[in-house]
file structure-v9.txt (compact mmCIF, C-alpha atoms)
# COMPACT_ATOMS: atom_id res chain seq x y z
CA MET A 1 -134.16 -70.41 -166.11
CA ARG A 2 -133.73 -66.61 -166.19
CA ARG A 3 -137.19 -66.20 -167.77
CA LEU A 4 -138.74 -68.52 -165.17
CA LYS A 5 -137.08 -66.52 -162.39
CA ILE A 6 -138.56 -63.26 -163.70
CA VAL A 7 -142.05 -64.81 -163.90
CA LEU A 8 -141.84 -66.15 -160.36
CA LEU A 9 -140.58 -62.83 -159.04
CA LEU A 10 -143.59 -61.10 -160.60
CA ILE A 11 -145.99 -63.69 -159.16
CA SER A 12 -144.35 -63.36 -155.76
CA GLY A 13 -144.61 -59.59 -155.82
CA CYS A 14 -148.27 -59.56 -156.84
CA PHE A 15 -149.39 -61.97 -154.13
CA LEU A 16 -147.17 -60.70 -151.36
CA MET A 17 -148.58 -57.19 -151.69
CA VAL A 18 -151.90 -58.57 -150.45
CA VAL A 19 -150.56 -60.96 -147.79
CA ALA A 20 -149.98 -59.05 -144.56
CA CYS A 21 -147.96 -61.73 -142.74
CA TYR A 22 -144.54 -63.26 -142.24
CA ALA A 23 -143.98 -66.51 -144.09
CA THR A 24 -141.57 -69.28 -145.04
CA PRO A 25 -141.99 -71.85 -147.84
CA SER A 26 -143.16 -75.34 -146.89
CA THR A 27 -139.98 -77.39 -146.50
CA HIS A 28 -138.67 -80.83 -145.62
CA ILE A 29 -135.96 -79.91 -143.09
CA TRP A 30 -133.86 -77.46 -145.07
CA SER A 31 -135.08 -76.97 -148.63
CA PRO A 32 -138.60 -76.50 -150.08
CA SER A 33 -140.77 -79.57 -150.55
CA THR A 34 -143.51 -80.16 -153.12
CA ASP A 35 -146.11 -79.59 -150.38
CA VAL A 36 -148.18 -76.43 -150.71
CA GLN A 37 -150.46 -74.98 -148.05
CA PRO A 38 -154.20 -75.48 -148.82
CA TYR A 39 -156.49 -72.55 -149.48
CA LYS A 40 -156.84 -70.24 -146.46
CA LYS A 41 -154.58 -72.48 -144.34
CA TRP A 42 -152.19 -70.41 -142.21
CA HIS A 43 -148.94 -72.04 -141.13
CA LEU A 44 -146.83 -70.42 -138.40
CA THR A 45 -143.23 -71.51 -138.03
CA SER A 46 -140.27 -70.71 -135.82
CA ASP A 47 -136.88 -72.12 -136.87
CA PHE A 48 -133.54 -72.09 -135.02
CA TYR A 49 -130.21 -73.14 -136.55
CA VAL A 50 -127.66 -73.57 -133.76
CA PRO A 51 -123.95 -74.13 -134.59
CA THR A 52 -122.41 -77.20 -132.99
CA GLU A 53 -118.79 -76.08 -133.46
CA SER A 54 -116.56 -73.24 -134.66
CA ASN A 55 -115.95 -72.77 -138.38
CA SER A 56 -112.53 -73.12 -140.05
CA THR A 57 -111.50 -69.60 -138.97
CA GLY A 58 -111.94 -70.54 -135.31
CA THR A 59 -114.98 -68.31 -134.77
CA ARG A 60 -118.35 -69.62 -133.65
CA PRO A 61 -121.23 -68.45 -135.89
CA ASP A 62 -124.34 -66.86 -134.42
CA THR A 63 -127.56 -68.83 -134.02
CA ILE A 64 -129.88 -68.19 -136.99
CA THR A 65 -133.55 -67.55 -136.25
CA ASN A 66 -136.32 -67.59 -138.82
CA LEU A 67 -139.87 -66.53 -137.92
CA GLY A 68 -142.82 -66.66 -140.26
CA VAL A 69 -146.23 -67.74 -141.53
CA THR A 70 -147.27 -69.37 -144.81
CA VAL A 71 -150.75 -69.04 -146.29
CA GLY A 72 -152.55 -70.91 -149.08
CA ILE A 73 -153.88 -68.67 -151.86
CA LEU A 74 -155.79 -70.69 -154.49
CA PRO A 75 -159.18 -72.42 -153.88
CA PHE A 76 -158.48 -75.34 -156.23
CA GLU A 77 -158.10 -79.02 -155.46
CA LYS A 78 -155.50 -79.79 -158.12
CA LEU A 79 -153.54 -76.53 -158.20
CA ASN A 80 -152.24 -74.83 -155.08
CA LEU A 81 -150.32 -71.63 -154.41
CA GLU A 82 -148.70 -70.37 -151.22
CA ALA A 83 -146.96 -67.07 -150.55
CA GLY A 84 -145.37 -65.08 -147.78
CA PHE A 85 -142.19 -63.67 -146.33
CA ASP A 86 -139.67 -64.38 -143.55
CA HIS A 87 -137.87 -62.43 -140.86
CA LYS A 88 -134.35 -63.83 -140.39
CA SER A 89 -131.61 -62.77 -137.98
CA GLY A 90 -128.15 -63.96 -136.96
CA TYR A 91 -126.33 -62.99 -140.17
CA GLY A 92 -124.33 -60.07 -138.77
CA ASP A 93 -124.49 -56.99 -141.01
CA LEU A 94 -127.13 -58.67 -143.18
CA ASP A 95 -129.57 -58.33 -140.27
CA ASP A 96 -130.12 -54.77 -141.53
CA TYR A 97 -132.14 -56.42 -144.33
CA PRO A 98 -134.11 -59.15 -142.50
CA TRP A 99 -137.06 -59.64 -144.90
CA TYR A 100 -137.13 -62.49 -147.43
CA PHE A 101 -140.04 -63.22 -149.79
CA ASN A 102 -141.21 -66.49 -151.35
CA THR A 103 -143.95 -68.15 -153.36
CA LYS A 104 -144.66 -71.70 -154.59
CA LEU A 105 -147.06 -73.20 -157.14
CA GLY A 106 -147.80 -76.91 -156.96
CA ILE A 107 -149.91 -79.86 -158.11
CA PRO A 108 -150.53 -82.58 -155.47
CA GLU A 109 -149.56 -86.20 -155.93
CA ASN A 110 -152.14 -88.39 -157.74
CA ALA A 111 -154.05 -85.31 -158.93
CA TYR A 112 -154.33 -86.80 -162.43
CA GLY A 113 -154.02 -90.54 -161.73
CA GLU A 114 -152.14 -92.94 -159.47
CA LEU A 115 -148.87 -92.53 -161.37
CA PHE A 116 -148.92 -88.74 -161.33
CA PRO A 117 -146.19 -87.24 -159.07
CA ALA A 118 -146.46 -84.13 -156.96
CA LEU A 119 -144.96 -81.17 -158.82
CA ALA A 120 -143.84 -77.79 -157.55
CA VAL A 121 -142.06 -74.73 -158.86
CA GLY A 122 -141.19 -71.70 -156.78
CA ILE A 123 -138.77 -69.07 -155.61
CA TYR A 124 -137.53 -68.27 -152.12
CA ASP A 125 -135.07 -66.05 -150.26
CA VAL A 126 -136.00 -63.08 -152.43
CA GLY A 127 -134.17 -60.56 -150.26
CA THR A 128 -134.39 -56.79 -150.26
CA LYS A 129 -130.68 -55.98 -150.81
CA GLU A 130 -129.09 -56.82 -154.16
CA ASN A 131 -125.80 -58.76 -153.94
CA LYS A 132 -126.35 -59.26 -150.20
CA THR A 133 -129.67 -60.94 -149.36
CA ALA A 134 -131.37 -61.32 -152.78
CA SER A 135 -130.42 -64.98 -153.31
CA ASN A 136 -133.57 -65.39 -155.48
CA ILE A 137 -133.48 -69.18 -155.52
CA VAL A 138 -135.70 -70.66 -158.23
CA TYR A 139 -136.44 -74.37 -158.00
CA ALA A 140 -138.51 -77.14 -159.56
CA LYS A 141 -139.24 -80.42 -157.82
CA ALA A 142 -141.19 -83.65 -158.28
CA ALA A 143 -142.13 -86.19 -155.59
CA LYS A 144 -143.65 -89.69 -155.59
CA THR A 145 -144.60 -92.15 -152.85
CA PHE A 146 -143.45 -95.75 -153.38
CA SER A 147 -144.52 -99.04 -151.80
CA ALA A 148 -143.76 -102.74 -152.09
CA GLY A 149 -146.12 -105.50 -151.07
CA GLY A 150 -148.28 -103.10 -149.09
CA LEU A 151 -145.27 -101.68 -147.24
CA SER A 152 -144.63 -97.96 -147.70
CA LEU A 153 -141.10 -97.18 -148.84
CA GLY A 154 -141.64 -93.47 -148.28
CA ARG A 155 -141.74 -90.52 -150.62
CA VAL A 156 -138.80 -89.52 -152.81
CA SER A 157 -138.38 -85.95 -154.10
CA LEU A 158 -135.99 -84.88 -156.85
CA GLY A 159 -135.36 -81.54 -158.48
CA GLY A 160 -132.95 -78.71 -159.06
CA PHE A 161 -132.36 -75.07 -158.17
CA GLU A 162 -130.52 -71.96 -159.29
CA GLY A 163 -129.76 -68.83 -157.28
CA ASP A 164 -127.95 -65.52 -157.64
CA GLY A 165 -124.34 -66.17 -158.65
CA ASP A 166 -123.05 -63.19 -156.69
CA ILE A 167 -124.33 -64.67 -153.41
CA LEU A 168 -124.17 -68.45 -153.92
CA THR A 169 -120.40 -68.84 -154.17
CA HIS A 170 -117.56 -71.05 -152.98
CA SER A 171 -113.91 -69.98 -152.70
CA GLY A 172 -114.80 -66.74 -154.47
CA LYS A 173 -116.33 -68.48 -157.48
CA GLU A 174 -119.95 -68.81 -158.58
CA ASP A 175 -121.57 -72.00 -157.25
CA ASN A 176 -125.28 -71.33 -157.68
CA LYS A 177 -126.84 -74.40 -159.35
CA GLY A 178 -127.46 -77.80 -157.84
CA LEU A 179 -129.51 -80.87 -157.11
CA LEU A 180 -132.40 -81.19 -154.66
CA PHE A 181 -133.17 -84.60 -153.17
CA ALA A 182 -135.23 -85.85 -150.23
CA TRP A 183 -136.56 -89.10 -148.78
CA GLU A 184 -139.31 -88.95 -146.18
CA ARG A 185 -141.62 -91.40 -144.45
CA ALA A 186 -144.29 -91.41 -141.78
CA MET A 187 -143.63 -94.13 -139.20
CA PRO A 188 -147.03 -95.61 -138.19
CA GLU A 189 -145.24 -98.80 -137.09
CA ILE A 190 -143.91 -96.76 -134.17
CA SER A 191 -146.41 -93.89 -133.93
CA ASP A 192 -148.72 -91.98 -136.25
CA LYS A 193 -147.09 -88.85 -134.82
CA LEU A 194 -143.57 -89.67 -136.07
CA TRP A 195 -142.02 -88.65 -139.44
CA LEU A 196 -138.44 -89.20 -140.67
CA CYS A 197 -136.50 -87.38 -143.40
CA LEU A 198 -133.12 -87.37 -145.14
CA GLU A 199 -132.42 -84.63 -147.68
CA TYR A 200 -129.71 -82.98 -149.76
CA GLN A 201 -129.19 -79.61 -151.43
CA GLY A 202 -126.27 -79.26 -153.82
CA THR A 203 -123.38 -76.79 -154.21
CA ARG A 204 -120.70 -75.85 -151.70
CA SER A 205 -122.30 -72.46 -151.15
CA SER A 206 -123.89 -71.72 -147.77
CA TYR A 207 -127.07 -73.41 -149.08
CA GLY A 208 -125.38 -76.74 -149.81
CA CYS A 209 -126.16 -79.26 -147.10
CA TRP A 210 -127.07 -82.80 -146.04
CA ASN A 211 -129.87 -82.94 -143.46
CA ALA A 212 -131.31 -85.72 -141.33
CA GLY A 213 -134.12 -85.37 -138.84
CA PHE A 214 -137.56 -86.24 -137.56
CA SER A 215 -140.76 -84.50 -136.55
CA TRP A 216 -143.30 -85.29 -133.85
CA LYS A 217 -146.93 -84.18 -133.98
CA PHE A 218 -147.93 -82.95 -130.52
CA ALA A 219 -151.47 -82.14 -131.65
CA ASP A 220 -153.45 -82.15 -134.91
CA ASN A 221 -152.15 -78.65 -135.67
CA VAL A 222 -148.86 -78.52 -133.72
CA SER A 223 -145.60 -80.31 -134.51
CA GLY A 224 -141.91 -80.03 -133.69
CA LEU A 225 -139.03 -80.85 -136.04
CA PHE A 226 -135.51 -81.74 -134.92
CA GLY A 227 -132.63 -82.18 -137.37
CA TYR A 228 -128.90 -82.00 -138.00
CA ASP A 229 -127.32 -80.06 -140.88
CA PHE A 230 -124.02 -81.24 -142.46
CA TYR A 231 -122.72 -78.50 -144.77
CA ASN A 232 -121.07 -79.51 -148.05
CA ASP A 233 -118.43 -76.85 -147.43
CA ARG A 234 -116.58 -78.44 -144.51
CA ASP A 235 -115.12 -75.04 -143.56
CA LEU A 236 -118.59 -74.14 -142.28
CA ALA A 237 -119.77 -75.16 -138.83
CA ASP A 238 -122.52 -77.79 -138.81
CA THR A 239 -125.78 -76.87 -137.09
CA TYR A 240 -128.73 -78.55 -135.48
CA THR A 241 -132.26 -77.46 -136.31
CA VAL A 242 -135.26 -77.00 -134.05
CA GLN A 243 -138.54 -76.00 -135.68
CA ILE A 244 -142.01 -75.48 -134.23
CA ASP A 245 -145.01 -75.42 -136.60
CA ILE A 246 -148.60 -74.41 -135.88
CA ASP A 247 -151.49 -74.59 -138.37
CA PHE A 248 -154.77 -72.73 -138.15
call {"tool": "encode", "arguments": {"input": "structure-v9.txt", "output": "structure tokens"}}
result
Amino acid sequence: MRRLKIVLLLISGCFLMVVACYATPSTHIWSPSTDVQPYKKWHLTSDFYVPTESNSTGTRPDTITNLGVTVGILPFEKLNLEAGFDHKSGYGDLDDYPWYFNTKLGIPENAYGELFPALAVGIYDVGTKENKTASNIVYAKAAKTFSAGGLSLGRVSLGGFEGDGDILTHSGKEDNKGLLFAWERAMPEISDKLWLCLEYQGTRSSYGCWNAGFSWKFADNVSGLFGYDFYNDRDLADTYTVQIDIDF
């Protein structure tokens, strides 16, 4: 895993030097998906994570904002790469270091036959301050769409991740490795514009969370996502998510 992290950091650095934009990895609701932006596709996003309560200390956390763009890099049908970086705020003193880099390499579902799953490997939240914002989360994920009798059962994603042990902690101890899971489904029975998702990211660090939500496509290139985030560490205040995405 350490060797993979070094390779992905190098890839991220090489591509981000030539991408003059703000970007966030393609996600489900919370964690990265196996989806990768197509070649020359620009994806603008604006995310807000609003606390619904106070945390266990009785203080109400700030709203987290995340602004960015993702862009597809490779001109291949069966191998895609996206790269970019984020501007995040709402983390108190950490707002002095608001830039976070990411990159993802993926193979689309059915690229090599009907049984072939979507595959992705990447790194995100590569911050600029060691032991503060450099979470450097490396992940690998596979996804497959299932059906029964012509009825879509949705797409299931499964994978794992590892981040910096000095940042991903719980109760003062390292908690930096965990499971990634997601179920998602378009809902044409109701509307072609509607999509549902349930996902999970492991650990009781600040990254560990259950998420449930839906998105609505307002136009071919504009959608809004609305979700709720249940943190695995119950001392943390839950949040709701609002995300606006624009493609061009």
call {"tool": "closest_atom_pairs", "arguments": {"input": "structure-v9.txt", "of": "segment 82-124 of chain A", "to": "segment 34-46 of chain A", "cutoff": "7 Å", "atoms": "only C-alpha atoms", "output": "tab-separated table"}}
result
residue	atom	partner	partner_atom	distance
A:Glu82	CA	A:Gln37	CA	5.9
A:Gly106	CA	A:Val36	CA	6.3
A:Ala118	CA	A:Thr34	CA	6.3
A:Leu119	CA	A:Thr34	CA	6.0
A:Ala120	CA	A:Thr34	CA	5.0
call {"tool": "closest_residue", "arguments": {"input": "structure-v9.txt", "among": "A:Ala142, A:Leu79, A:Val71, A:Leu179", "to": "Ala111 of chain A", "atoms": "all atoms listed in the file"}}
result
A:Leu79
call {"tool": "closest_residue", "arguments": {"input": "structure-v9.txt", "among": "A:Thr169, A:Asn80, A:Ser33, A:Glu162", "to": "Lys144 of chain A", "atoms": "all atoms listed in the file"}}
result
A:Ser33
call {"tool": "residues_around", "arguments": {"input": "structure-v9.txt", "residues": "Gly227 of chain A", "least_positions_apart": "6", "cutoff": "6 Å", "atoms": "only C-alpha atoms", "output": "list of chain:residue names"}}
result
A:Ala212, A:Gly213, A:Tyr240, A:Thr241
call {"tool": "residues_around", "arguments": {"input": "structure-v9.txt", "residues": "Ser135 of chain A", "least_positions_apart": "3", "cutoff": "8 Å", "atoms": "all atoms listed in the file", "output": "PDB file with C-alpha atoms, in the frame of the given file"}}
result
ATOM      1  CA  TYR A 124    -137.530 -68.270-152.120  1.00  0.00           C
ATOM      2  CA  ASP A 125    -135.070 -66.050-150.260  1.00  0.00           C
ATOM      3  CA  VAL A 126    -136.000 -63.080-152.430  1.00  0.00           C
ATOM      4  CA  GLY A 127    -134.170 -60.560-150.260  1.00  0.00           C
ATOM      5  CA  ASN A 131    -125.800 -58.760-153.940  1.00  0.00           C
ATOM      6  CA  LYS A 132    -126.350 -59.260-150.200  1.00  0.00           C
ATOM      7  CA  GLY A 163    -129.760 -68.830-157.280  1.00  0.00           C
ATOM      8  CA  ASP A 164    -127.950 -65.520-157.640  1.00  0.00           C
ATOM      9  CA  ILE A 167    -124.330 -64.670-153.410  1.00  0.00           C
ATOM     10  CA  LEU A 168    -124.170 -68.450-153.920  1.00  0.00           C
TER      11      LEU A 168
END
call {"tool": "atom_distance", "arguments": {"input": "structure-v9.txt", "atom1": "atom CA of Ser206 of chain A", "atom2": "atom CA of Thr57 of chain A"}}
result
15.3 Å
call {"tool": "atom_distance", "arguments": {"input": "structure-v9.txt", "atom1": "atom CA of Ser171 of chain A", "atom2": "atom CA of Leu236 of chain A"}}
result
12.2 Å
call {"tool": "closest_residue", "arguments": {"input": "structure-v9.txt", "among": "A:Ser147, A:Ser191, A:Ser89, A:Asn221", "to": "Tyr49 of chain A", "atoms": "all atoms listed in the file"}}
result
A:Ser89
call {"tool": "closest_residue", "arguments": {"input": "structure-v9.txt", "among": "A:Asp175, A:Asp93, A:Glu77, A:Glu184", "to": "Ile107 of chain A", "atoms": "only C-alpha atoms"}}
result
A:Glu77
call {"tool": "residues_around", "arguments": {"input": "structure-v9.txt", "residues": "Leu225 of chain A", "least_positions_apart": "2", "cutoff": "8 Å", "atoms": "only C-alpha atoms", "output": "list of chain:residue names"}}
result
A:Ile29, A:Gly213, A:Phe214, A:Ser215, A:Trp216, A:Ser223, A:Gly227, A:Thr241, A:Val242, A:Gln243, A:Ile244
call {"tool": "write_last_selection", "arguments": {"input": "structure-v9.txt", "atoms": "C-alpha atoms", "output": "PDB file, in the coordinates of the input"}}
result
ATOM      1  CA  ILE A  29    -135.960 -79.910-143.090  1.00  0.00           C
ATOM      2  CA  GLY A 213    -134.120 -85.370-138.840  1.00  0.00           C
ATOM      3  CA  PHE A 214    -137.560 -86.240-137.560  1.00  0.00           C
ATOM      4  CA  SER A 215    -140.760 -84.500-136.550  1.00  0.00           C
ATOM      5  CA  TRP A 216    -143.300 -85.290-133.850  1.00  0.00           C
ATOM      6  CA  SER A 223    -145.600 -80.310-134.510  1.00  0.00           C
ATOM      7  CA  GLY A 227    -132.630 -82.180-137.370  1.00  0.00           C
ATOM      8  CA  THR A 241    -132.260 -77.460-136.310  1.00  0.00           C
ATOM      9  CA  VAL A 242    -135.260 -77.000-134.050  1.00  0.00           C
ATOM     10  CA  GLN A 243    -138.540 -76.000-135.680  1.00  0.00           C
ATOM     11  CA  ILE A 244    -142.010 -75.480-134.230  1.00  0.00           C
TER      12      ILE A 244
END
call {"tool": "atom_distance", "arguments": {"input": "structure-v9.txt", "atom1": "atom CA of Asp235 of chain A", "atom2": "atom CA of Ser54 of chain A"}}
result
9.2 Å
call {"tool": "axis_aligned_box", "arguments": {"input": "structure-v9.txt", "around": "segment 139-158 of chain A", "padding_each_side": "6 Å", "output": "AutoDock Vina command-line options"}}
result
--center_x -142.1 --center_y -89.9 --center_z -153.4 --size_x 24.3 --size_y 43.1 --size_z 24.3
call {"tool": "closest_residue", "arguments": {"input": "structure-v9.txt", "among": "A:Lys129, A:Arg60, A:Lys88, A:Lys141", "to": "Ala182 of chain A", "atoms": "only C-alpha atoms"}}
result
A:Lys141
call {"tool": "closest_residue", "arguments": {"input": "structure-v9.txt", "among": "A:Gly122, A:Gly84, A:Trp30, A:Ala237", "to": "Gln201 of chain A", "atoms": "all atoms listed in the file"}}
result
A:Trp30
call {"tool": "residues_near_point", "arguments": {"input": "structure-v9.txt", "point": "(-120.3, -78.4, -143.8)", "cutoff": "9 Å", "atoms": "only C-alpha atoms", "output": "PyMOL selection string"}}
result
chain A and resi 55+204+206+208-210+229-239
call {"tool": "write_last_selection", "arguments": {"input": "structure-v9.txt", "atoms": "C-alpha atoms", "output": "JSON list (two decimals), in the frame of the given file"}}
result
[["chain", "number", "residue", "atom", "x", "y", "z"],
["A", 55, "ASN", "CA", -115.95, -72.77, -138.38],
["A", 204, "ARG", "CA", -120.70, -75.85, -151.70],
["A", 206, "SER", "CA", -123.89, -71.72, -147.77],
["A", 208, "GLY", "CA", -125.38, -76.74, -149.81],
["A", 209, "CYS", "CA", -126.16, -79.26, -147.10],
["A", 210, "TRP", "CA", -127.07, -82.80, -146.04],
["A", 229, "ASP", "CA", -127.32, -80.06, -140.88],
["A", 230, "PHE", "CA", -124.02, -81.24, -142.46],
["A", 231, "TYR", "CA", -122.72, -78.50, -144.77],
["A", 232, "ASN", "CA", -121.07, -79.51, -148.05],
["A", 233, "ASP", "CA", -118.43, -76.85, -147.43],
["A", 234, "ARG", "CA", -116.58, -78.44, -144.51],
["A", 235, "ASP", "CA", -115.12, -75.04, -143.56],
["A", 236, "LEU", "CA", -118.59, -74.14, -142.28],
["A", 237, "ALA", "CA", -119.77, -75.16, -138.83],
["A", 238, "ASP", "CA", -122.52, -77.79, -138.81],
["A", 239, "THR", "CA", -125.78, -76.87, -137.09]]
call {"tool": "residues_around", "arguments": {"input": "structure-v9.txt", "residues": "Phe161 of chain A", "least_positions_apart": "2", "cutoff": "8 Å", "atoms": "all atoms listed in the file", "output": "ChimeraX atom specification"}}
result
/A:137-140,159,163,177-180
call {"tool": "residues_around", "arguments": {"input": "structure-v9.txt", "residues": "His87 of chain A", "least_positions_apart": "6", "cutoff": "6 Å", "atoms": "all atoms listed in the file", "output": "JSON, numbers by chain"}}
result
{"A": [66, 67, 98, 99]}
call {"tool": "write_last_selection", "arguments": {"input": "structure-v9.txt", "atoms": "C-alpha atoms", "output": "PDB file, keeping the file's coordinate frame"}}
result
ATOM      1  CA  ASN A  66    -136.320 -67.590-138.820  1.00  0.00           C
ATOM      2  CA  LEU A  67    -139.870 -66.530-137.920  1.00  0.00           C
ATOM      3  CA  PRO A  98    -134.110 -59.150-142.500  1.00  0.00           C
ATOM      4  CA  TRP A  99    -137.060 -59.640-144.900  1.00  0.00           C
TER       5      TRP A  99
END
call {"tool": "build_atoms", "arguments": {"input": "structure-v9.txt", "residues": "segment 156-179 of chain A", "atoms": "N, CA and C atoms", "output": "compact mmCIF listing (two decimals), keeping the file's coordinate frame"}}
result
# COMPACT_ATOMS: atom_id res chain seq x y z
N VAL A 156 -140.07 -90.01 -152.29
CA VAL A 156 -138.80 -89.52 -152.81
C VAL A 156 -139.06 -88.26 -153.63
N SER A 157 -138.27 -87.21 -153.36
CA SER A 157 -138.38 -85.95 -154.10
C SER A 157 -137.06 -85.69 -154.83
N LEU A 158 -137.18 -85.18 -156.05
CA LEU A 158 -135.99 -84.88 -156.85
C LEU A 158 -136.24 -83.62 -157.65
N GLY A 159 -135.22 -82.77 -157.72
CA GLY A 159 -135.36 -81.54 -158.48
C GLY A 159 -134.04 -80.79 -158.58
N GLY A 160 -134.14 -79.53 -158.93
CA GLY A 160 -132.95 -78.71 -159.06
C GLY A 160 -133.25 -77.26 -158.73
N PHE A 161 -132.19 -76.48 -158.53
CA PHE A 161 -132.36 -75.07 -158.17
C PHE A 161 -131.26 -74.23 -158.78
N GLU A 162 -131.52 -72.94 -158.86
CA GLU A 162 -130.52 -71.96 -159.29
C GLU A 162 -130.75 -70.66 -158.54
N GLY A 163 -129.67 -70.08 -158.01
CA GLY A 163 -129.76 -68.83 -157.28
C GLY A 163 -128.84 -67.78 -157.85
N ASP A 164 -128.79 -66.64 -157.20
CA ASP A 164 -127.95 -65.52 -157.64
C ASP A 164 -126.47 -65.90 -157.52
N GLY A 165 -125.74 -65.77 -158.61
CA GLY A 165 -124.34 -66.17 -158.65
C GLY A 165 -123.41 -65.26 -157.88
N ASP A 166 -123.88 -64.08 -157.50
CA ASP A 166 -123.05 -63.19 -156.69
C ASP A 166 -123.12 -63.54 -155.21
N ILE A 167 -124.15 -64.32 -154.81
CA ILE A 167 -124.33 -64.67 -153.41
C ILE A 167 -124.01 -66.14 -153.16
N LEU A 168 -124.46 -67.02 -154.06
CA LEU A 168 -124.17 -68.45 -153.92
C LEU A 168 -122.81 -68.72 -154.54
N THR A 169 -121.77 -68.69 -153.72
CA THR A 169 -120.40 -68.84 -154.17
C THR A 169 -119.65 -69.83 -153.28
N HIS A 170 -118.48 -70.25 -153.78
CA HIS A 170 -117.56 -71.05 -152.98
C HIS A 170 -116.14 -70.71 -153.41
N SER A 171 -115.31 -70.37 -152.44
CA SER A 171 -113.91 -69.98 -152.70
C SER A 171 -113.85 -68.85 -153.71
N GLY A 172 -114.79 -67.92 -153.61
CA GLY A 172 -114.80 -66.74 -154.47
C GLY A 172 -115.33 -66.97 -155.86
N LYS A 173 -115.81 -68.19 -156.16
CA LYS A 173 -116.33 -68.48 -157.48
C LYS A 173 -117.82 -68.82 -157.41
N GLU A 174 -118.51 -68.53 -158.49
CA GLU A 174 -119.95 -68.81 -158.58
C GLU A 174 -120.23 -70.29 -158.38
N ASP A 175 -121.15 -70.61 -157.50
CA ASP A 175 -121.57 -72.00 -157.25
C ASP A 175 -123.06 -71.95 -156.91
N ASN A 176 -123.88 -71.70 -157.92
CA ASN A 176 -125.28 -71.33 -157.68
C ASN A 176 -126.31 -72.27 -158.29
N LYS A 177 -125.89 -73.45 -158.78
CA LYS A 177 -126.84 -74.40 -159.35
C LYS A 177 -126.59 -75.77 -158.74
N GLY A 178 -127.67 -76.50 -158.43
CA GLY A 178 -127.46 -77.80 -157.84
C GLY A 178 -128.69 -78.67 -157.78
N LEU A 179 -128.49 -79.85 -157.22
CA LEU A 179 -129.51 -80.87 -157.11
C LEU A 179 -130.29 -80.72 -155.81
